[in-house]
file structure-v2.cif (mmCIF, C-alpha atoms)
data_final
#
loop_
_atom_site.label_atom_id
_atom_site.label_comp_id
_atom_site.auth_asym_id
_atom_site.auth_seq_id
_atom_site.Cartn_x
_atom_site.Cartn_y
_atom_site.Cartn_z
CA MET A 18 -2.71 -85.14 140.99
CA SER A 19 -2.04 -88.16 138.78
CA ILE A 20 -1.91 -85.94 135.70
CA LEU A 21 1.40 -84.58 136.97
CA GLN A 22 2.92 -87.97 137.70
CA LYS A 23 5.61 -89.45 135.49
CA THR A 24 4.25 -91.51 132.60
CA THR A 25 5.78 -94.90 131.84
CA PHE A 26 5.82 -95.88 128.18
CA LYS A 27 6.10 -99.38 126.75
CA ASN A 28 7.20 -98.46 123.24
CA LEU A 29 8.12 -95.63 120.87
CA ASP A 30 4.61 -95.42 119.40
CA GLU A 31 3.14 -94.45 122.76
CA LYS A 32 5.82 -91.79 123.23
CA ILE A 33 5.17 -90.31 119.78
CA ILE A 34 1.41 -90.08 120.31
CA TYR A 35 1.66 -88.80 123.88
CA PHE A 36 4.19 -86.03 123.28
CA THR A 37 2.61 -84.92 120.00
CA ILE A 38 -0.66 -84.29 121.84
CA ILE A 39 0.71 -82.63 124.98
CA LEU A 40 2.98 -80.39 122.88
CA THR A 41 0.00 -79.03 120.94
CA TYR A 42 0.48 -75.46 122.19
CA PRO A 43 4.23 -75.18 121.44
CA LEU A 44 3.57 -76.64 117.98
CA TYR A 45 0.76 -74.14 117.46
CA LEU A 46 2.94 -71.20 118.48
CA ILE A 47 5.57 -72.06 115.86
CA GLY A 48 2.94 -72.88 113.22
CA GLY A 49 3.81 -76.57 113.21
CA LEU A 50 0.43 -78.20 113.89
CA TYR A 51 -0.60 -78.19 110.23
CA LEU A 52 2.64 -79.94 109.27
CA VAL A 53 2.99 -82.40 112.14
CA GLY A 54 -0.37 -84.16 111.65
CA PRO A 55 0.30 -85.40 108.08
CA ILE A 56 3.96 -86.26 108.82
CA LEU A 57 2.89 -88.21 111.91
CA SER A 58 0.27 -90.18 109.97
CA TRP A 59 2.65 -91.45 107.30
CA ILE A 60 5.40 -92.32 109.81
CA LEU A 61 2.97 -94.29 111.95
CA LEU A 62 1.49 -95.99 108.88
CA TYR A 63 4.96 -97.30 108.08
CA ARG A 64 5.34 -98.52 111.66
CA SER A 65 1.92 -100.20 111.44
CA LEU A 66 2.92 -102.06 108.28
CA VAL A 67 6.09 -103.25 110.04
CA VAL A 68 3.96 -104.67 112.86
CA ILE A 69 1.61 -106.38 110.38
CA PHE A 70 4.47 -108.00 108.47
CA ASN A 71 6.19 -109.21 111.64
CA VAL A 72 3.19 -110.33 113.67
CA LYS A 73 0.21 -112.45 112.70
CA MET A 74 -2.78 -110.42 113.77
CA LYS A 75 -6.42 -110.03 112.92
CA ILE A 76 -7.47 -106.56 111.79
CA HIS A 77 -11.00 -105.25 112.17
CA HIS A 78 -12.74 -105.33 108.80
CA LEU A 79 -14.01 -101.74 109.14
CA SER A 80 -10.48 -100.35 109.53
CA ILE A 81 -9.57 -102.14 106.27
CA VAL A 82 -12.69 -100.70 104.61
CA TRP A 83 -11.61 -97.21 105.67
CA ILE A 84 -8.06 -97.45 104.34
CA VAL A 85 -9.27 -98.92 101.03
CA SER A 86 -11.95 -96.22 100.65
CA ILE A 87 -9.45 -93.45 101.30
CA LEU A 88 -7.04 -94.90 98.70
CA LEU A 89 -9.88 -95.05 96.17
CA ILE A 90 -10.66 -91.39 96.86
CA GLU A 91 -7.19 -90.57 95.51
CA VAL A 92 -8.05 -92.49 92.32
CA VAL A 93 -11.22 -90.39 92.02
CA VAL A 94 -9.18 -87.20 92.54
CA VAL A 95 -6.90 -88.10 89.61
CA ILE A 96 -9.82 -89.03 87.33
CA GLY A 97 -11.71 -85.86 88.24
CA SER A 98 -8.65 -83.69 87.58
CA LEU A 99 -8.07 -85.29 84.17
CA ASN A 100 -11.75 -85.06 83.20
CA THR A 101 -11.85 -81.37 84.11
CA GLY A 102 -8.75 -80.66 82.05
CA HIS A 103 -6.38 -79.80 84.87
CA SER A 104 -2.67 -79.87 84.18
CA VAL A 105 -0.32 -82.51 85.55
CA LEU A 106 0.95 -79.94 88.06
CA MET A 107 -2.60 -79.31 89.34
CA THR A 108 -3.20 -83.06 89.58
CA ILE A 109 -0.02 -83.45 91.65
CA LYS A 110 -1.17 -80.57 93.85
CA SER A 111 -4.53 -82.31 94.37
CA THR A 112 -2.71 -85.52 95.29
CA ILE A 113 -0.61 -83.69 97.87
CA GLY A 114 -3.83 -82.21 99.25
CA TRP A 115 -5.26 -85.72 99.53
CA ALA A 116 -2.11 -86.97 101.29
CA LYS A 117 -2.43 -84.36 104.05
CA GLY A 118 -6.24 -84.38 104.23
CA TRP A 119 -8.41 -87.34 103.32
CA ALA A 120 -5.56 -89.82 103.66
CA LEU A 121 -5.20 -88.99 107.36
CA ILE A 122 -8.72 -90.24 108.08
CA GLY A 123 -8.13 -93.76 106.82
CA ILE A 124 -4.56 -93.91 108.06
CA PHE A 125 -5.31 -92.95 111.66
CA ILE A 126 -8.26 -95.35 111.90
CA PHE A 127 -6.02 -98.08 110.51
CA ILE A 128 -3.08 -97.41 112.82
CA GLY A 129 -5.44 -97.02 115.79
CA SER A 130 -6.49 -100.63 115.30
CA ILE A 131 -2.90 -101.86 114.75
CA LEU A 132 -0.26 -99.98 116.73
CA PRO A 133 0.51 -101.03 120.34
CA ILE A 134 -0.80 -97.85 121.96
CA ARG A 135 -2.54 -98.34 125.28
CA TYR A 136 -5.69 -96.37 125.92
CA TYR A 137 -4.27 -95.37 129.31
CA ILE A 138 -1.46 -93.40 127.64
CA PHE A 139 -3.77 -91.88 125.04
CA GLN A 140 -6.34 -90.69 127.56
CA ARG A 141 -3.64 -89.18 129.78
CA ALA A 142 -2.43 -87.13 126.83
CA ILE A 143 -5.97 -85.91 126.08
CA ILE A 144 -6.58 -85.03 129.73
CA ASN A 145 -3.24 -83.20 129.81
CA ILE A 146 -4.10 -80.96 126.84
CA LEU A 147 -7.54 -80.21 128.34
CA TRP A 148 -5.89 -79.18 131.60
CA GLN A 149 -3.47 -76.94 129.72
CA SER A 150 -6.39 -75.32 127.88
CA LEU A 151 -8.27 -74.70 131.12
CA LEU A 152 -5.22 -72.97 132.63
CA ILE A 153 -4.68 -70.80 129.55
CA SER A 154 -8.33 -69.80 129.05
CA PRO A 155 -8.61 -67.20 131.88
CA PHE A 156 -5.59 -65.34 130.50
CA LEU A 157 -7.11 -65.25 127.01
CA ILE A 158 -10.43 -64.00 128.38
CA VAL A 159 -8.71 -61.18 130.27
CA VAL A 160 -6.63 -59.97 127.30
CA ALA A 161 -9.75 -59.96 125.12
CA PHE A 162 -11.58 -57.56 127.42
CA LEU A 163 -8.43 -55.42 127.78
CA ASN A 164 -8.47 -54.94 123.99
CA PHE A 165 -5.14 -56.58 123.32
CA PRO A 166 -4.31 -57.24 119.65
CA THR A 167 -6.26 -60.19 118.25
CA LEU A 168 -3.68 -61.60 115.84
CA LEU A 169 -0.13 -61.96 117.19
CA TYR A 170 1.71 -63.12 114.06
CA ILE A 171 1.73 -65.49 111.11
CA SER A 172 4.28 -68.30 111.33
CA PRO A 173 6.93 -68.33 108.57
CA LEU A 174 6.29 -72.09 108.33
CA LYS A 175 3.31 -71.21 106.12
CA PHE A 176 5.83 -71.49 103.26
CA PHE A 177 5.75 -75.29 103.72
CA GLY A 178 2.02 -75.64 104.28
CA GLY A 179 0.11 -74.77 101.15
CA GLY A 180 -3.21 -74.71 103.01
CA GLY A 181 -3.44 -70.93 103.41
CA GLU A 182 -2.39 -68.45 106.09
CA GLN A 183 -5.31 -69.32 108.38
CA PHE A 184 -3.58 -72.51 109.54
CA PHE A 185 -0.42 -70.62 110.54
CA LYS A 186 -1.95 -67.61 112.28
CA VAL A 187 -1.45 -67.32 116.05
CA TRP A 188 -4.45 -65.64 117.69
CA LEU A 189 -5.23 -64.50 121.22
CA TYR A 190 -8.90 -64.15 120.28
CA TRP A 191 -10.99 -62.56 117.53
CA ASN A 192 -14.12 -60.42 117.36
CA ASP A 193 -17.29 -61.83 115.85
CA LEU A 194 -18.45 -59.76 112.87
CA ASN A 195 -22.14 -60.16 113.75
CA THR A 196 -22.11 -59.55 117.49
CA GLY A 197 -18.85 -57.64 117.96
CA LEU A 198 -18.09 -59.84 120.97
CA PRO A 199 -14.82 -61.78 121.39
CA ARG A 200 -14.57 -65.44 120.45
CA TRP A 201 -11.71 -67.80 121.24
CA GLN A 202 -10.10 -70.54 119.19
CA LEU A 203 -6.92 -71.35 121.19
CA PHE A 204 -4.87 -73.72 118.98
CA ALA A 205 -7.60 -74.29 116.37
CA PRO A 206 -7.72 -72.42 113.02
CA TRP A 207 -11.20 -71.03 113.79
CA SER A 208 -13.62 -71.07 116.74
CA PRO A 209 -16.04 -73.83 115.64
CA ALA A 210 -13.00 -76.11 115.17
CA LEU A 211 -12.13 -75.59 118.85
CA ALA A 212 -15.60 -76.81 119.85
CA PHE A 213 -15.12 -79.75 117.45
CA TYR A 214 -11.85 -80.74 119.14
CA ALA A 215 -13.25 -80.25 122.64
CA LEU A 216 -16.23 -82.51 121.92
CA LEU A 217 -13.93 -85.23 120.58
CA ALA A 218 -11.68 -84.93 123.65
CA LEU A 219 -14.68 -85.08 125.99
CA SER A 220 -15.91 -88.27 124.30
CA ILE A 221 -12.47 -89.92 124.26
CA ILE A 222 -11.98 -89.64 128.03
CA LEU A 223 -15.45 -90.90 128.99
CA PRO A 224 -14.23 -94.51 129.59
CA CYS A 225 -11.52 -93.28 132.01
CA PRO A 226 -11.87 -94.29 135.67
CA SER A 227 -13.78 -91.58 137.50
CA ASP A 228 -11.46 -89.30 139.48
CA LYS A 229 -10.74 -85.61 139.95
CA THR A 230 -8.46 -85.35 136.91
CA LYS A 231 -11.16 -86.72 134.63
CA TYR A 232 -13.85 -84.39 135.98
CA VAL A 233 -11.62 -81.34 135.62
CA ALA A 234 -10.84 -82.37 132.04
CA LEU A 235 -14.55 -82.80 131.27
CA PHE A 236 -15.23 -79.38 132.73
CA SER A 237 -12.43 -77.96 130.56
CA ALA A 238 -13.99 -79.49 127.43
CA VAL A 239 -17.34 -77.86 128.23
CA VAL A 240 -15.61 -74.50 128.84
CA LEU A 241 -13.86 -74.71 125.46
CA VAL A 242 -17.16 -75.36 123.69
CA LEU A 243 -18.68 -72.30 125.38
CA LEU A 244 -15.65 -70.11 124.63
CA SER A 245 -15.88 -71.01 120.96
CA GLU A 246 -19.50 -69.75 120.90
CA SER A 247 -20.12 -72.38 118.23
CA ARG A 248 -23.83 -72.98 117.62
CA ALA A 249 -23.22 -76.50 116.33
CA GLY A 250 -20.85 -77.25 119.21
CA ILE A 251 -23.37 -76.26 121.89
CA VAL A 252 -26.20 -78.23 120.25
CA ILE A 253 -24.03 -81.36 119.90
CA LEU A 254 -22.78 -81.02 123.49
CA LEU A 255 -26.36 -80.96 124.81
CA MET A 256 -27.26 -83.94 122.63
CA LEU A 257 -24.29 -85.98 123.92
CA ILE A 258 -25.16 -85.17 127.53
CA PHE A 259 -28.76 -86.26 126.91
CA ILE A 260 -27.74 -89.57 125.29
CA TYR A 261 -25.18 -90.31 128.01
CA ALA A 262 -27.70 -89.57 130.76
CA ILE A 263 -30.21 -91.98 129.20
CA SER A 264 -27.59 -94.72 128.86
CA TYR A 265 -26.44 -94.17 132.45
CA PHE A 266 -29.82 -94.32 134.15
CA PHE A 267 -31.67 -96.85 131.99
CA ASP A 268 -30.94 -100.37 130.78
CA VAL A 269 -30.79 -101.60 127.19
CA ILE A 270 -34.32 -103.03 127.07
CA PHE A 271 -35.83 -99.76 128.26
CA ILE A 272 -33.80 -97.76 125.71
CA LEU A 273 -34.89 -100.05 122.86
CA PHE A 274 -38.51 -99.77 124.02
CA MET A 275 -38.25 -95.97 124.10
CA MET A 276 -36.71 -95.98 120.62
CA LEU A 277 -39.70 -98.00 119.36
CA ILE A 278 -42.17 -95.61 121.01
CA SER A 279 -40.23 -92.64 119.61
CA CYS A 280 -40.45 -94.07 116.08
CA LEU A 281 -44.22 -94.46 116.46
CA ILE A 282 -44.59 -90.90 117.77
CA LEU A 283 -42.36 -89.63 114.97
CA GLY A 284 -44.59 -91.31 112.40
CA VAL A 285 -47.82 -89.90 113.87
CA PHE A 286 -46.61 -86.33 114.51
CA LEU A 287 -44.05 -86.04 111.71
CA ASN A 288 -45.42 -82.82 110.20
CA GLU A 289 -45.61 -81.01 113.55
CA ILE A 290 -42.07 -82.14 114.49
CA VAL A 291 -40.65 -81.01 111.14
CA GLU A 292 -42.25 -77.57 111.55
CA SER A 293 -40.88 -77.21 115.10
CA VAL A 294 -37.36 -78.26 114.10
CA SER A 295 -37.50 -75.93 111.11
CA GLY A 296 -38.43 -73.03 113.37
CA LEU A 297 -35.59 -73.86 115.76
CA VAL A 298 -33.08 -74.07 112.89
CA ASN A 299 -34.24 -70.70 111.55
CA TYR A 300 -33.84 -69.17 115.01
CA ILE A 301 -30.31 -70.56 115.41
CA ASN A 302 -29.35 -69.36 111.94
CA SER A 303 -30.69 -65.87 112.71
CA MET A 304 -28.13 -65.61 115.55
CA ARG A 305 -25.45 -65.18 112.87
CA SER A 306 -27.48 -64.43 109.76
CA LYS A 307 -24.52 -63.29 107.65
CA SER A 308 -22.56 -66.46 108.35
CA SER A 309 -25.61 -68.63 107.62
CA MET A 310 -26.26 -66.80 104.33
CA ILE A 311 -22.68 -67.34 103.14
CA ARG A 312 -22.83 -71.03 104.05
CA GLN A 313 -26.12 -71.50 102.21
CA THR A 314 -24.87 -69.68 99.12
CA LEU A 315 -21.67 -71.76 99.07
CA ASN A 316 -23.76 -74.92 99.31
CA ASP A 317 -26.07 -73.82 96.49
CA ILE A 318 -23.15 -73.02 94.20
CA GLY A 319 -21.44 -76.32 95.00
CA LEU A 320 -24.56 -78.41 94.33
CA TYR A 321 -25.41 -76.59 91.10
CA ARG A 322 -21.93 -76.87 89.61
CA TRP A 323 -21.49 -80.48 90.71
CA TYR A 324 -24.75 -81.63 89.14
CA ASN A 325 -24.34 -79.69 85.91
CA GLU A 326 -20.59 -79.95 85.31
CA SER A 327 -19.07 -83.08 86.79
CA PHE A 328 -21.56 -85.52 88.31
CA TRP A 329 -19.56 -88.74 88.72
CA PHE A 330 -15.96 -87.76 89.56
CA GLY A 331 -16.19 -84.06 90.47
CA HIS A 332 -13.86 -81.24 89.48
CA GLY A 333 -10.75 -82.79 91.05
CA ASN A 334 -9.62 -79.57 92.72
CA VAL A 335 -10.68 -76.77 95.04
CA GLU A 336 -12.07 -73.59 93.44
CA ARG A 337 -12.70 -70.20 95.01
CA GLY A 338 -16.26 -68.90 95.09
CA PRO A 339 -17.37 -65.44 93.88
CA HIS A 340 -17.39 -62.18 95.82
CA ILE A 341 -20.85 -62.86 97.30
CA VAL A 342 -19.33 -65.66 99.43
CA GLN A 343 -16.18 -63.64 100.23
CA PHE A 344 -14.15 -65.81 97.81
CA MET A 345 -14.36 -68.81 100.14
CA PRO A 346 -13.67 -72.23 98.54
CA ILE A 347 -16.80 -73.85 97.12
CA GLY A 348 -18.11 -76.51 99.50
CA SER A 349 -15.77 -75.37 102.27
CA HIS A 350 -18.47 -75.40 104.98
CA HIS A 351 -20.02 -78.77 104.17
CA THR A 352 -18.07 -82.01 103.79
CA PHE A 353 -20.70 -83.75 101.70
CA ILE A 354 -21.17 -80.87 99.26
CA GLY A 355 -17.42 -80.34 99.11
CA LEU A 356 -17.03 -84.02 98.22
CA LEU A 357 -19.67 -83.77 95.51
CA PHE A 358 -18.05 -80.71 93.96
CA ILE A 359 -14.45 -81.95 94.06
CA LYS A 360 -14.86 -85.75 93.89
CA GLY A 361 -18.39 -86.30 92.57
CA ILE A 362 -20.94 -88.88 93.64
CA ILE A 363 -18.29 -91.63 93.65
CA GLY A 364 -16.09 -89.70 96.09
CA LEU A 365 -19.10 -88.97 98.30
CA LEU A 366 -20.03 -92.65 98.55
CA LEU A 367 -16.45 -93.63 99.39
CA TYR A 368 -16.68 -91.47 102.52
CA VAL A 369 -20.35 -91.82 103.43
CA LEU A 370 -20.63 -95.61 103.26
CA PRO A 371 -17.80 -96.41 105.74
CA LEU A 372 -18.91 -93.48 107.91
CA ILE A 373 -22.48 -94.78 108.20
CA ALA A 374 -21.32 -98.40 108.60
CA THR A 375 -18.96 -97.44 111.45
CA THR A 376 -21.59 -95.24 113.10
CA LEU A 377 -24.17 -98.04 113.10
CA TYR A 378 -21.62 -100.63 114.22
CA LEU A 379 -20.46 -98.60 117.22
CA PHE A 380 -24.05 -97.62 118.01
CA PHE A 381 -25.17 -101.22 118.39
CA LYS A 382 -21.93 -102.17 120.16
CA SER A 383 -22.64 -99.44 122.74
CA PHE A 384 -25.60 -101.52 123.92
CA ILE A 385 -23.16 -104.29 124.90
CA ARG A 386 -20.75 -102.13 126.95
CA ARG A 387 -21.21 -98.52 128.04
CA ASP A 388 -17.49 -97.99 127.36
CA TYR A 389 -18.19 -98.34 123.64
CA LEU A 390 -20.55 -95.36 123.80
CA SER A 391 -17.47 -93.12 123.64
CA GLY A 392 -16.52 -94.60 120.26
CA PHE A 393 -20.06 -94.03 119.02
CA PHE A 394 -19.93 -90.43 120.28
CA VAL A 395 -16.69 -89.73 118.39
CA ILE A 396 -17.92 -91.09 115.06
CA LEU A 397 -21.27 -89.31 115.60
CA ILE A 398 -19.44 -86.01 116.13
CA PHE A 399 -17.55 -86.51 112.86
CA LEU A 400 -20.84 -87.30 111.12
CA MET A 401 -22.59 -84.20 112.44
CA TYR A 402 -19.67 -81.86 111.77
CA SER A 403 -19.59 -83.14 108.21
CA PHE A 404 -22.64 -80.90 107.69
CA THR A 405 -20.86 -77.73 108.90
CA GLU A 406 -17.12 -78.22 108.28
CA ASN A 407 -14.71 -79.70 105.76
CA ILE A 408 -13.64 -82.76 107.73
CA GLU A 409 -10.54 -83.44 105.63
CA ILE A 410 -9.14 -79.91 106.05
CA LEU A 411 -9.23 -80.33 109.83
CA SER A 412 -7.76 -83.86 109.82
CA TYR A 413 -4.35 -82.46 110.81
CA LEU A 414 -5.91 -81.35 114.11
CA MET A 415 -8.72 -83.87 114.70
CA TRP A 416 -6.55 -86.95 114.13
CA PRO A 417 -6.84 -88.08 117.81
CA GLY A 418 -10.54 -88.66 117.11
CA TRP A 419 -9.86 -90.84 114.07
CA LEU A 420 -7.13 -92.69 116.00
CA PHE A 421 -9.58 -93.35 118.82
CA ILE A 422 -12.13 -94.81 116.39
CA GLY A 423 -9.47 -97.34 115.36
CA MET A 424 -8.83 -98.14 119.02
CA ALA A 425 -12.58 -98.49 119.60
CA LEU A 426 -12.87 -100.94 116.70
CA ARG A 427 -10.04 -102.97 118.23
CA VAL A 428 -11.64 -103.24 121.68
CA CYS A 429 -14.97 -104.14 120.06
CA PHE A 430 -13.18 -106.92 118.17
CA TYR A 431 -11.70 -108.29 121.41
CA ASP A 432 -14.96 -107.63 123.31
CA CYS A 433 -13.25 -106.02 126.28
CA HIS A 434 -12.86 -102.68 128.05
CA PHE A 435 -10.45 -100.05 126.71
CA ASN A 436 -7.97 -100.46 129.55
CA GLU A 437 -7.87 -104.24 129.18
CA ILE A 438 -5.95 -104.17 125.88
CA ASP A 439 -2.21 -104.71 126.35
CA PHE A 440 0.62 -105.68 124.03
CA GLU A 441 3.53 -108.06 123.72
CA ASP A 442 6.98 -106.67 122.87
CA ASN A 443 6.41 -107.51 119.19
CA GLY A 444 3.17 -105.50 119.07
CA GLN A 445 0.75 -108.42 119.38
CA ALA A 446 -2.39 -107.39 121.25
CA PHE A 447 -3.88 -109.39 124.09
CA VAL A 448 -6.57 -108.87 126.68
CA GLU A 449 -5.60 -108.52 130.33
CA ARG A 450 -8.81 -108.87 132.31
CA LYS A 451 -8.88 -106.39 135.16
#
call {"tool": "encode", "arguments": {"input": "structure-v2.cif", "output": "structure tokens"}}
result
Amino acid sequence: MSILQKTTFKNLDEKIIYFTIILTYPLYLIGGLYLVGPILSWILLYRSLVVIFNVKMKIHHLSIVWIVSILLIEVVVVIGSLNTGHSVLMTIKSTIGWAKGWALIGIFIFIGSILPIRYYIFQRAIINILWQSLLISPFLIVVAFLNFPTLLYISPLKFFGGGGEQFFKVWLYWNDLNTGLPRWQLFAPWSPALAFYALLALSIILPCPSDKTKYVALFSAVVLVLLSESRAGIVILLMLIFIYAISYFFDVIFILFMMLISCLILGVFLNEIVESVSGLVNYINSMRSKSSMIRQTLNDIGLYRWYNESFWFGHGNVERGPHIVQFMPIGSHHTFIGLLFIKGIIGLLLYVLPLIATTLYLFFKSFIRRDYLSGFFVILIFLMYSFTENIEILSYLMWPGWLFIGMALRVCFYDCHFNEIDFEDNGQAFVERK
């Protein structure tokens, strides 16, 4: 199997990315994942700036938009903290939170469009971690049904984290409070985050040449989504399969024609469609009614306090909710509401505008080459999970997705396939037509 063959690297950047990904499980077992992501981002940002200063290169405008937007979010954090009356210490704490959360989004997109990292190396790393997960999963399923302990230990590295114990806990599995059945999260902090990662990994490897290693990795990604028992994960997986099937069997003209017909049907039967979707959403929510109630209450509190207390720049810091939401942070299950509460309408726009622009850009680019559909899938997954997760909190784990978006922007700029991008010794990119 090619996955077991020795990998040849062209530079240090490829080695750093490759080994950071394939060592995910050892890092998880020592509690290092939460720390490695932010450290990696700032080191690679420095290396990206070195490349820019030494090589004349053109950078995709959207990657620049992202890095500028993320820097402006930090300005909003400071203004919001000062307006709310937080101390200098709290403002510094918020800045540190930005540096290991929101900053990673812009940084990884930026370095993905700059650093000389070949897609071939990146996809091999992703396939490797999916293979590892598939091999580990049967063991975790067995120990769950043998009633082994759920939580093994909490890493002492939590002292350096500051994000809470959840990011340093090492689990075999855990039991769902609503159903009593086991759920698995592997190296993720909670089960839905595992589905999130698996969907990103599945999308990233889509442009790979079709062989047995790719198909096994795709199967592994699907298994991880199912093991997580994430409602959002399963729905998004089915949606991605549907979109990919349409793009595979039909040409661009037919798809555009169907989109036009769909818009007409949507306009005529809008009320009936809304009622049907509403009924489906209510059914899905009833599967875990307690979880859905907590999420809704958190959202209501976040929206009310944002609108009435700090509309423009937010509160500048995270606050715990009341007992009714089990003291969870306000806005912690919804990126957009979390942004409104902590960073106000200005902070929300600084994330939403580049997100929508990138989504639309990669969507239309996917009509040019089917390879680009993978980039659209990744940004679409981030968009959809923004409604159910705090994207910035999970940036330490989901950074391969943001890195891949940067790589997708680069290949779109050069109008080539992912595997056609190569690099000179100084980091200058060029296209090697296959």
call {"tool": "residues_around", "arguments": {"input": "structure-v2.cif", "residues": "range 427-436 of chain A", "least_positions_apart": "3", "cutoff": "6 Å", "atoms": "all atoms listed in the file", "output": "list in words"}}
result
Ser130, Tyr136 and Met424 of chain A
call {"tool": "resolve_selection", "arguments": {"input": "structure-v2.cif", "expression": "the PyMOL selection byres ((chain A and resi 52) around 10)", "output": "ChimeraX atom specification"}}
result
/A:44,48-51,53-57,117,174-175,177-179,184-185,413-414
call {"tool": "closest_residue", "arguments": {"input": "structure-v2.cif", "among": "A:Val252, A:Val94, A:Leu40, A:Ile69", "to": "Leu357 in chain A", "atoms": "all atoms listed in the file"}}
result
A:Val94
call {"tool": "closest_residue", "arguments": {"input": "structure-v2.cif", "among": "A:Trp59, A:Phe393, A:Phe26, A:Phe236", "to": "Ala374 in chain A", "atoms": "only C-alpha atoms"}}
result
A:Phe393
call {"tool": "closest_residue", "arguments": {"input": "structure-v2.cif", "among": "A:Val72, A:Trp83, A:Arg135, A:Ala161", "to": "Val448 in chain A", "atoms": "all atoms listed in the file"}}
result
A:Arg135
call {"tool": "atom_distance", "arguments": {"input": "structure-v2.cif", "atom1": "CA of Glu246 in chain A", "atom2": "CA of Ala205 in chain A"}}
result
13.5 Å
call {"tool": "residues_around", "arguments": {"input": "structure-v2.cif", "residues": "range 166-169 of chain A", "least_positions_apart": "3", "cutoff": "8 Å", "atoms": "all atoms listed in the file", "output": "VMD selection string"}}
result
chain A and resid 161 186 to 192
